[in-house]
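Engineer: What follows is entry-v4.cif, made up of mmCIF, C-alpha atoms:
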```cif
data_start
loop_
_atom_site.label_atom_id
_atom_site.label_comp_id
_atom_site.auth_asym_id
_atom_site.auth_seq_id
_atom_site.Cartn_x
_atom_site.Cartn_y
_atom_site.Cartn_z
CA MET B 1 -28.54 -12.29 26.46
CA ARG B 2 -25.68 -14.78 26.35
CA ALA B 3 -22.25 -13.46 25.47
CA ALA B 4 -18.57 -14.31 25.68
CA VAL B 5 -17.27 -11.65 28.05
CA ALA B 6 -13.64 -10.54 28.34
CA ARG B 7 -12.80 -10.24 32.04
CA ASP B 8 -9.32 -9.94 33.50
CA ASP B 9 -7.58 -11.48 30.47
CA ARG B 10 -9.97 -14.43 30.19
CA LEU B 11 -13.14 -15.16 28.24
CA GLU B 12 -16.28 -16.25 30.11
CA VAL B 13 -19.72 -17.06 28.71
CA ASP B 14 -22.28 -15.29 30.85
CA ASP B 15 -25.64 -13.51 30.83
CA VAL B 16 -25.36 -9.77 30.17
CA PRO B 17 -28.02 -7.09 29.59
CA GLU B 18 -29.42 -6.98 26.08
CA PRO B 19 -28.45 -3.66 24.45
CA ALA B 20 -31.18 -1.15 23.71
CA PRO B 21 -31.08 0.89 20.49
CA GLY B 22 -30.91 4.64 20.87
CA ALA B 23 -31.53 7.39 18.34
CA GLY B 24 -30.35 6.34 14.90
CA HIS B 25 -29.59 2.80 16.09
CA VAL B 26 -30.77 -0.63 14.99
CA LEU B 27 -30.98 -3.75 17.16
CA VAL B 28 -29.59 -6.80 15.37
CA ARG B 29 -29.13 -10.49 16.12
CA THR B 30 -25.63 -11.81 15.48
CA LEU B 31 -25.56 -14.59 12.86
CA ALA B 32 -21.79 -15.11 12.82
CA ASN B 33 -18.72 -13.32 14.12
CA GLY B 34 -15.06 -13.78 13.24
CA ILE B 35 -12.27 -13.75 15.80
CA CYS B 36 -9.71 -11.05 14.96
CA GLY B 37 -6.03 -10.97 15.83
CA SER B 38 -6.70 -7.71 17.66
CA ASP B 39 -9.10 -9.60 19.94
CA LEU B 40 -6.34 -12.11 20.70
CA HIS B 41 -3.93 -9.27 21.51
CA ALA B 42 -6.49 -7.56 23.72
CA LEU B 43 -7.38 -10.69 25.68
CA THR B 44 -3.70 -11.48 26.30
CA ASP B 45 -3.30 -8.25 28.26
CA LEU B 46 -6.41 -6.07 28.46
CA ARG B 47 -4.72 -3.33 30.44
CA HIS B 48 -1.78 -3.05 28.04
CA PHE B 49 -4.15 -3.01 25.08
CA ALA B 50 -6.26 -0.33 26.75
CA GLU B 51 -3.17 1.75 27.57
CA LEU B 52 -1.97 1.67 23.95
CA THR B 53 -5.38 2.53 22.55
CA SER B 54 -5.78 5.39 25.02
CA ARG B 55 -2.55 6.91 23.70
CA VAL B 56 -4.05 6.89 20.21
CA GLY B 57 -7.33 8.31 21.51
CA GLY B 58 -10.66 8.21 19.80
CA LEU B 59 -12.97 5.30 19.18
CA LEU B 60 -10.59 2.46 20.15
CA ALA B 61 -10.04 3.71 23.69
CA MET B 62 -10.99 0.85 26.01
CA GLU B 63 -11.76 0.99 29.70
CA PRO B 64 -9.67 -1.36 31.89
CA GLY B 65 -11.59 -3.36 34.45
CA GLN B 66 -14.87 -3.14 32.54
CA ASP B 67 -16.52 -6.23 31.06
CA THR B 68 -16.18 -6.14 27.28
CA VAL B 69 -17.90 -8.26 24.64
CA PHE B 70 -15.51 -8.51 21.70
CA GLY B 71 -16.55 -8.94 18.10
CA HIS B 72 -16.23 -6.53 15.17
CA GLU B 73 -16.24 -8.95 12.21
CA PHE B 74 -19.88 -9.92 11.84
CA CYS B 75 -22.96 -10.61 9.78
CA ALA B 76 -26.29 -10.02 11.53
CA GLU B 77 -30.01 -9.65 10.92
CA ILE B 78 -32.22 -6.72 11.83
CA VAL B 79 -34.52 -7.27 14.83
CA ASP B 80 -35.82 -3.81 15.71
CA PHE B 81 -35.29 -0.10 15.19
CA GLY B 82 -34.57 2.68 17.64
CA PRO B 83 -36.04 6.18 17.47
CA GLU B 84 -35.14 8.59 14.66
CA THR B 85 -34.41 5.82 12.15
CA GLN B 86 -35.28 5.66 8.45
CA ARG B 87 -36.18 1.94 8.46
CA THR B 88 -35.05 1.58 4.85
CA LEU B 89 -34.20 -2.09 5.40
CA ALA B 90 -36.78 -4.57 6.67
CA VAL B 91 -36.76 -6.54 9.91
CA GLY B 92 -35.06 -9.84 9.13
CA ALA B 93 -32.70 -8.37 6.52
CA ARG B 94 -29.11 -9.58 6.73
CA ILE B 95 -26.54 -6.85 7.03
CA CYS B 96 -22.88 -6.10 7.62
CA SER B 97 -21.58 -2.87 9.07
CA MET B 98 -18.46 -0.99 9.93
CA PRO B 99 -18.11 -1.59 13.71
CA ILE B 100 -18.69 2.03 14.66
CA VAL B 101 -21.57 3.56 16.56
CA PHE B 102 -22.47 7.09 17.66
CA GLY B 103 -23.35 6.95 21.35
CA PRO B 104 -23.86 9.43 24.18
CA SER B 105 -20.09 9.66 24.68
CA GLY B 106 -19.35 10.18 21.00
CA VAL B 107 -18.01 7.75 18.41
CA GLU B 108 -17.22 4.30 19.84
CA ALA B 109 -15.95 1.00 18.48
CA ILE B 110 -18.36 -1.90 18.67
CA GLY B 111 -16.67 -4.80 20.43
CA TYR B 112 -14.20 -2.63 22.33
CA SER B 113 -16.63 -0.57 24.38
CA PRO B 114 -18.39 -1.72 27.55
CA ARG B 115 -21.46 0.19 26.34
CA PHE B 116 -21.69 -1.42 22.90
CA PRO B 117 -21.18 -5.21 22.93
CA GLY B 118 -19.84 -6.88 19.81
CA GLY B 119 -20.61 -9.99 17.83
CA LEU B 120 -19.61 -12.45 20.57
CA GLY B 121 -23.00 -11.65 22.06
CA GLU B 122 -26.43 -12.64 20.81
CA TYR B 123 -27.47 -9.05 20.07
CA MET B 124 -25.78 -5.80 19.06
CA VAL B 125 -26.74 -2.19 18.51
CA LEU B 126 -25.51 -0.81 15.17
CA GLN B 127 -25.66 2.56 13.47
CA GLU B 128 -28.43 2.50 10.85
CA ALA B 129 -26.54 4.86 8.53
CA LEU B 130 -23.61 2.40 8.30
CA LEU B 131 -25.59 -0.76 7.49
CA VAL B 132 -24.74 -2.51 4.22
CA PRO B 133 -27.26 -5.13 3.03
CA VAL B 134 -26.00 -8.63 2.23
CA ALA B 135 -26.92 -9.89 -1.24
CA GLU B 136 -29.45 -12.70 -1.23
CA GLY B 137 -27.11 -15.27 -2.80
CA LEU B 138 -24.14 -14.58 -0.52
CA GLU B 139 -23.66 -17.09 2.30
CA THR B 140 -23.59 -15.70 5.82
CA GLU B 141 -20.13 -17.17 6.48
CA ARG B 142 -18.65 -15.34 3.50
CA ALA B 143 -20.41 -12.09 4.35
CA THR B 144 -18.86 -12.27 7.83
CA LEU B 145 -15.44 -11.99 6.17
CA THR B 146 -16.19 -8.49 4.87
CA GLU B 147 -14.53 -6.61 7.73
CA PRO B 148 -11.17 -8.44 7.78
CA LEU B 149 -10.99 -8.50 3.98
CA ALA B 150 -11.64 -4.75 3.88
CA VAL B 151 -8.39 -4.33 5.84
CA GLY B 152 -6.56 -5.90 2.89
CA GLU B 153 -8.43 -3.69 0.43
CA HIS B 154 -7.33 -0.61 2.36
CA ALA B 155 -3.71 -1.75 2.64
CA VAL B 156 -3.45 -2.39 -1.10
CA GLY B 157 -5.02 0.98 -1.87
CA LEU B 158 -2.52 2.66 0.43
CA ALA B 159 0.36 0.75 -1.19
CA GLU B 160 -0.51 2.01 -4.68
CA PRO B 161 1.22 -0.85 -6.53
CA GLY B 162 2.05 -0.05 -10.14
CA PRO B 163 1.36 -2.48 -12.99
CA ASP B 164 5.02 -3.57 -13.15
CA ASP B 165 5.62 -3.76 -9.38
CA VAL B 166 6.41 -7.08 -7.72
CA CYS B 167 4.52 -7.62 -4.47
CA LEU B 168 5.61 -9.71 -1.50
CA VAL B 169 3.25 -10.51 1.37
CA VAL B 170 5.13 -11.59 4.51
CA GLY B 171 2.79 -13.47 6.83
CA CYS B 172 -0.24 -15.36 5.50
CA GLY B 173 -2.61 -15.17 8.42
CA PRO B 174 -6.02 -13.58 7.81
CA VAL B 175 -4.53 -10.11 7.29
CA GLY B 176 -1.91 -11.28 4.80
CA LEU B 177 -4.49 -13.40 2.99
CA ALA B 178 -6.77 -10.36 2.79
CA VAL B 179 -3.94 -8.45 1.11
CA ILE B 180 -3.37 -11.28 -1.37
CA ALA B 181 -7.10 -11.45 -2.15
CA ALA B 182 -7.24 -7.68 -2.73
CA LEU B 183 -4.17 -7.74 -4.98
CA LYS B 184 -5.53 -10.60 -7.11
CA ALA B 185 -9.00 -9.04 -7.27
CA ARG B 186 -7.30 -6.08 -8.96
CA GLY B 187 -5.56 -8.42 -11.39
CA HIS B 188 -2.14 -7.71 -9.91
CA GLY B 189 0.85 -9.99 -10.32
CA PRO B 190 3.30 -11.34 -9.60
CA VAL B 191 2.34 -11.73 -5.95
CA LEU B 192 4.77 -13.61 -3.70
CA ALA B 193 3.71 -14.92 -0.29
CA ALA B 194 5.87 -16.15 2.60
CA ASP B 195 4.91 -17.95 5.80
CA TYR B 196 6.41 -20.67 8.02
CA SER B 197 3.03 -22.40 8.36
CA ALA B 198 2.24 -25.03 5.73
CA THR B 199 -1.47 -24.46 6.35
CA ARG B 200 -1.20 -20.76 5.65
CA ARG B 201 1.01 -21.27 2.61
CA GLY B 202 -1.70 -23.56 1.26
CA LEU B 203 -4.31 -20.87 1.85
CA ALA B 204 -2.09 -18.31 0.10
CA GLU B 205 -2.01 -20.56 -2.96
CA ARG B 206 -5.80 -20.88 -2.92
CA PHE B 207 -6.08 -17.11 -2.68
CA GLY B 208 -4.05 -16.76 -5.88
CA ALA B 209 -0.46 -16.08 -4.80
CA ASP B 210 1.82 -16.67 -7.81
CA GLU B 211 4.70 -18.03 -5.74
CA VAL B 212 4.57 -19.33 -2.16
CA ILE B 213 7.75 -19.47 -0.08
CA ASP B 214 8.70 -21.27 3.12
CA PRO B 215 11.14 -18.89 4.90
CA GLY B 216 12.46 -21.88 6.83
CA LEU B 217 13.96 -23.20 3.60
CA HIS B 218 15.07 -20.01 1.88
CA SER B 219 14.58 -16.28 2.13
CA PRO B 220 11.80 -14.75 0.03
CA HIS B 221 14.25 -11.97 -0.78
CA ASP B 222 16.36 -14.40 -2.82
CA CYS B 223 13.68 -14.20 -5.52
CA TRP B 224 13.93 -10.52 -6.38
CA SER B 225 16.50 -10.78 -9.17
CA SER B 226 14.46 -13.45 -10.97
CA PHE B 227 11.65 -10.90 -11.28
CA GLY B 228 13.92 -8.10 -12.45
CA VAL B 229 14.09 -6.22 -9.14
CA THR B 230 17.54 -4.83 -8.27
CA ARG B 231 18.37 -5.09 -4.57
CA ASN B 232 21.61 -3.08 -4.44
CA PRO B 233 21.11 0.72 -4.21
CA MET B 234 24.20 1.51 -6.32
CA GLU B 235 23.26 -0.98 -9.05
CA ARG B 236 19.76 0.48 -9.08
CA SER B 237 21.12 4.01 -9.52
CA VAL B 238 23.49 2.97 -12.33
CA THR B 239 20.72 1.10 -14.15
CA GLU B 240 18.47 4.16 -13.96
CA MET B 241 21.28 6.46 -15.20
CA LEU B 242 21.86 4.20 -18.20
CA GLY B 243 18.15 4.15 -18.99
CA GLY B 244 17.74 0.46 -18.23
CA PRO B 245 14.45 -1.08 -17.08
CA VAL B 246 13.75 -1.15 -13.35
CA ARG B 247 11.01 -2.83 -11.35
CA ASN B 248 9.92 -1.84 -7.87
CA ALA B 249 9.15 -4.06 -4.91
CA VAL B 250 6.10 -3.55 -2.70
CA ILE B 251 6.33 -5.49 0.57
CA PHE B 252 3.40 -6.02 2.94
CA GLU B 253 4.40 -6.77 6.54
CA ALA B 254 1.51 -8.83 7.94
CA VAL B 255 3.23 -10.53 10.87
CA GLY B 256 3.32 -7.90 13.61
CA VAL B 257 6.16 -9.15 15.82
CA PRO B 258 9.19 -7.22 17.11
CA GLY B 259 12.14 -7.29 14.74
CA MET B 260 10.13 -8.03 11.60
CA LEU B 261 10.12 -4.46 10.32
CA GLN B 262 13.89 -4.15 10.72
CA ALA B 263 14.39 -7.52 9.02
CA LEU B 264 12.46 -6.22 6.02
CA ILE B 265 14.44 -2.97 6.03
CA ASP B 266 17.64 -5.04 5.98
CA ASP B 267 16.56 -7.27 3.08
CA ALA B 268 14.29 -5.04 0.99
CA PRO B 269 15.54 -3.93 -2.43
CA ALA B 270 16.41 -0.29 -2.94
CA ARG B 271 13.42 2.04 -3.38
CA SER B 272 11.02 -0.57 -1.99
CA ARG B 273 7.69 0.42 -0.52
CA ILE B 274 7.00 -1.35 2.79
CA VAL B 275 3.40 -1.30 3.97
CA VAL B 276 2.99 -2.33 7.61
CA VAL B 277 -0.43 -3.89 8.16
CA GLY B 278 0.48 -6.38 10.91
CA VAL B 279 -0.05 -4.94 14.40
CA CYS B 280 2.97 -5.22 16.71
CA MET B 281 1.90 -4.72 20.33
CA GLN B 282 5.42 -4.36 21.75
CA THR B 283 7.99 -1.61 21.52
CA ASP B 284 10.17 -2.15 18.47
CA HIS B 285 13.33 -0.60 17.04
CA ILE B 286 14.60 0.11 13.54
CA GLU B 287 17.87 1.37 12.04
CA PRO B 288 16.87 4.50 10.12
CA PHE B 289 20.28 4.70 8.39
CA ILE B 290 19.60 1.58 6.36
CA ALA B 291 16.12 2.73 5.36
CA VAL B 292 17.49 6.15 4.40
CA THR B 293 20.37 4.88 2.26
CA LYS B 294 18.01 2.51 0.44
CA GLU B 295 15.43 5.28 0.11
CA LEU B 296 12.70 3.01 1.42
CA ASP B 297 9.11 4.16 1.65
CA LEU B 298 7.45 3.07 4.92
CA ARG B 299 3.65 3.23 5.18
CA PHE B 300 1.39 2.07 7.99
CA ALA B 301 -2.13 0.81 7.25
CA PHE B 302 -5.08 0.55 9.62
CA GLY B 303 -8.77 -0.08 9.05
CA TYR B 304 -10.64 0.96 5.91
CA SER B 305 -13.05 3.56 4.56
CA PRO B 306 -16.82 3.09 4.16
CA ASN B 307 -16.33 2.77 0.40
CA GLU B 308 -13.65 0.10 0.83
CA PHE B 309 -15.91 -1.80 3.22
CA ALA B 310 -18.88 -1.73 0.83
CA ARG B 311 -16.68 -2.58 -2.17
CA THR B 312 -15.33 -5.63 -0.33
CA LEU B 313 -18.85 -6.91 0.36
CA ASP B 314 -19.73 -6.39 -3.32
CA ARG B 315 -16.64 -8.33 -4.42
CA LEU B 316 -17.56 -11.19 -2.10
CA ALA B 317 -21.04 -11.27 -3.61
CA ASP B 318 -19.90 -11.29 -7.23
CA GLY B 319 -17.08 -13.78 -6.64
CA THR B 320 -14.22 -11.42 -7.46
CA LEU B 321 -12.62 -12.11 -4.08
CA LYS B 322 -11.37 -15.69 -3.88
CA VAL B 323 -11.63 -16.71 -0.24
CA ASP B 324 -12.28 -20.45 -0.32
CA GLY B 325 -10.79 -22.21 2.68
CA LEU B 326 -10.26 -19.14 4.85
CA VAL B 327 -12.91 -20.24 7.37
CA THR B 328 -11.46 -23.35 8.97
CA ASP B 329 -13.98 -23.77 11.81
CA VAL B 330 -17.36 -22.56 13.01
CA VAL B 331 -18.15 -22.95 16.72
CA GLY B 332 -20.90 -22.04 19.15
CA LEU B 333 -20.64 -19.42 21.84
CA GLU B 334 -19.74 -21.94 24.54
CA SER B 335 -16.60 -22.84 22.56
CA ALA B 336 -15.41 -19.27 22.03
CA ALA B 337 -12.63 -19.51 24.64
CA ASP B 338 -11.34 -22.73 23.06
CA ALA B 339 -11.35 -21.01 19.66
CA PHE B 340 -9.26 -18.13 21.04
CA ALA B 341 -6.76 -20.65 22.40
CA ALA B 342 -6.62 -22.56 19.11
CA LEU B 343 -5.91 -19.42 17.10
CA ARG B 344 -2.72 -18.78 19.05
CA SER B 345 -1.19 -21.52 16.87
CA PRO B 346 -1.18 -20.90 13.10
CA GLU B 347 -1.10 -24.58 12.15
CA GLY B 348 -4.46 -25.85 11.01
CA ASN B 349 -6.26 -22.54 11.57
CA GLY B 350 -7.39 -19.77 9.25
CA LYS B 351 -10.42 -17.81 10.39
CA ILE B 352 -12.70 -19.22 13.12
CA LEU B 353 -16.28 -17.98 13.25
CA VAL B 354 -18.52 -17.98 16.32
CA THR B 355 -22.29 -18.32 15.96
CA PRO B 356 -23.98 -16.96 19.11
#
```
Kindly present the structure from the file in structure tokens form.
Structural biologist:
Amino acid sequence: MRAAVARDDRLEVDDVPEPAPGAGHVLVRTLANGICGSDLHALTDLRHFAELTSRVGGLLAMEPGQDTVFGHEFCAEIVDFGPETQRTLAVGARICSMPIVFGPSGVEAIGYSPRFPGGLGEYMVLQEALLVPVAEGLETERATLTEPLAVGEHAVGLAEPGPDDVCLVVGCGPVGLAVIAALKARGHGPVLAADYSATRRGLAERFGADEVIDPGLHSPHDCWSSFGVTRNPMERSVTEMLGGPVRNAVIFEAVGVPGMLQALIDDAPARSRIVVVGVCMQTDHIEPFIAVTKELDLRFAFGYSPNEFARTLDRLADGTLKVDGLVTDVVGLESAADAFAALRSPEGNGKILVTP
């Protein structure tokens, strides 16, 4: 089959063996696959990415020097079944799936294992038990967004925003937009969104952000007092002692660059909850003293549960998730490398899909 293969920090379209379904597996044909920021990180330095994932252990552990077919954000159609399968869904049915498969070596991540190619190839092997059918009226492009949007669903669930909390999403790339979509799908507001990119600020507005901020013009943290959030720890304590009303801030860090977490610690109001969902690939440093004296709550979000994944697909089908404009380009397999290069600049790009 044809596939875009990650080799030595570059992407090459080549012929690779078609995967064969094992026990409990289903062979599928990729209809569309989204390019994830994690794929961009991995391709920049495969060995560094593999070293970090090996320290975590488990299903994300990559193998340096091995050809890898990326792709874990996908919609596909069933082609054939392996042994020991239930065959509940018919051949030709469109499906999405969590990108996890049970292989001879244990649990592995589709798209990050040399044994289980991802959606940048024409065919994949998926775990039958994890397949989620795509509703008949849902377009393939929208269904392909299930995986990245489920990341936002998980982050918001982990954040546990209260009805009176004010939320700020810093960084409006696909991850930040997924957080905004999940917040608005739950009817939450106000939701503030900040990004230097005019394109991404526009997308944040379309996703329902109540106020969109250009950090190049003014800090998003200048807005807290207008929403009744007290920034100063002492003022917060006095207000609470006097029985006055207080509102909490929930901040989602969706940028993932060194220094961003400390910048949020510096500027966050007292008692804020900071949820880190952007993936920083470099060593970073924070000043714990400031976080301690402000009594900040730091949480780190990764992935999603099967229920969150299925709920996201349902919300896409019934229109609860507003995602118009997120897909800014759809390209063929031969243009996958160009798409990776284009996504390194935020201007003009949201999510790019590849159709093998």
Engineer: Hey, what comes out of the PyMOL selection byres ((chain B and resi 255) around 10) on this file? Could you write it as a VMD selection string?
Structural biologist: chain B and resid 169 to 173 175 to 176 195 252 to 254 256 to 258 260 to 261 276 to 280
Engineer: Could you spell out the hits of the PyMOL selection byres ((chain B and resi 101) around 10) on the shown file, as a list in words?
Structural biologist: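 Answer for the PyMOL selection byres ((chain B and resi 101) around 10): Gly24, His25, Leu59, Ser97, Met98, Pro99, Ile100, Phe102, Gly103, Pro104, Gly106, Val107, Glu108, Ala109, Ile110, Phe116, Val125, Leu126, Gln127, Glu128, Ala129 and Leu130 of chain B.
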Engineer: Would you kindly translate the PyMOL selection byres ((chain B and resi 287) around 12) into the concrete residues it picks from this file, as a list in words?
Structural biologist: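 Applied to this file, the PyMOL selection byres ((chain B and resi 287) around 12) selects Gly259, Leu261, Gln262, Ala263, Leu264, Ile265, Asp266, Asp284, His285, Ile286, Pro288, Phe289, Ile290, Ala291, Val292, Thr293, Lys294 and Leu296 of chain B.
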Engineer: Counting all atoms listed in the file, which residues of segment 172-209 of chain B sit at most 9 Å from some atom of segment 314-325 of chain B, and what is each one's closest atom pair with its distance in Å to one decimal, listed by chain and rising residue number, as a tab-separated table?
Structural biologist:
```
residue	atom	partner	partner_atom	distance
B:Leu177	CA	B:Val323	CA	8.5
B:Ala178	CA	B:Val323	CA	8.6
B:Ala181	CA	B:Leu321	CA	5.9
B:Ala182	CA	B:Leu321	CA	7.1
B:Lys184	CA	B:Leu321	CA	7.9
B:Ala185	CA	B:Leu321	CA	5.7
B:Arg186	CA	B:Thr320	CA	8.9
B:Leu203	CA	B:Gly325	CA	6.7
B:Arg206	CA	B:Asp324	CA	7.0
B:Phe207	CA	B:Lys322	CA	5.6
B:Gly208	CA	B:Lys322	CA	7.7
```
Engineer: Just to confirm, what's the straight-line distance from atom CA of Ala159 of chain B to atom CA of Arg273 of chain B in Å (one decimal)?
Structural biologist: 7.4 Å
Engineer: Using Å and a single decimal, report how far atom CA of Asp15 of chain B sits from atom CA of Ala3 of chain B.
Structural biologist: 6.3 Å
Engineer: So, counting all atoms listed in the file, which residue among B:Ile35, B:Leu313, B:Ile213, B:Ala194 is closest to Asp329 of chain B?
Structural biologist: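 Using all atoms listed in the file, the shortest distance to Asp329 of chain B belongs to B:Ile35.
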Engineer: Between B:Ala155, B:Arg87, B:Ser237, B:Cys96, which residue has the minimum interatomic distance to Val132 of chain B, considering all atoms listed in the file?
Structural biologist: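 Using all atoms listed in the file, the shortest distance to Val132 of chain B belongs to B:Cys96.
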Engineer: State, in Å with one decimal place, the distance from atom CA of Pro190 of chain B to atom CA of Ala310 of chain B.
Structural biologist: 26.3 Å
Engineer: Given 4 Å on each side, where is the centre and what are the edge lengths in Å to one decimal of the axis-aligned box enclosing the listed atoms of segment 305-312 of chain B, as AutoDock Vina command-line options?
Structural biologist:
```
--center_x -16.0 --center_y -1.0 --center_z 1.2 --size_x 13.8 --size_y 17.2 --size_z 14.7
```
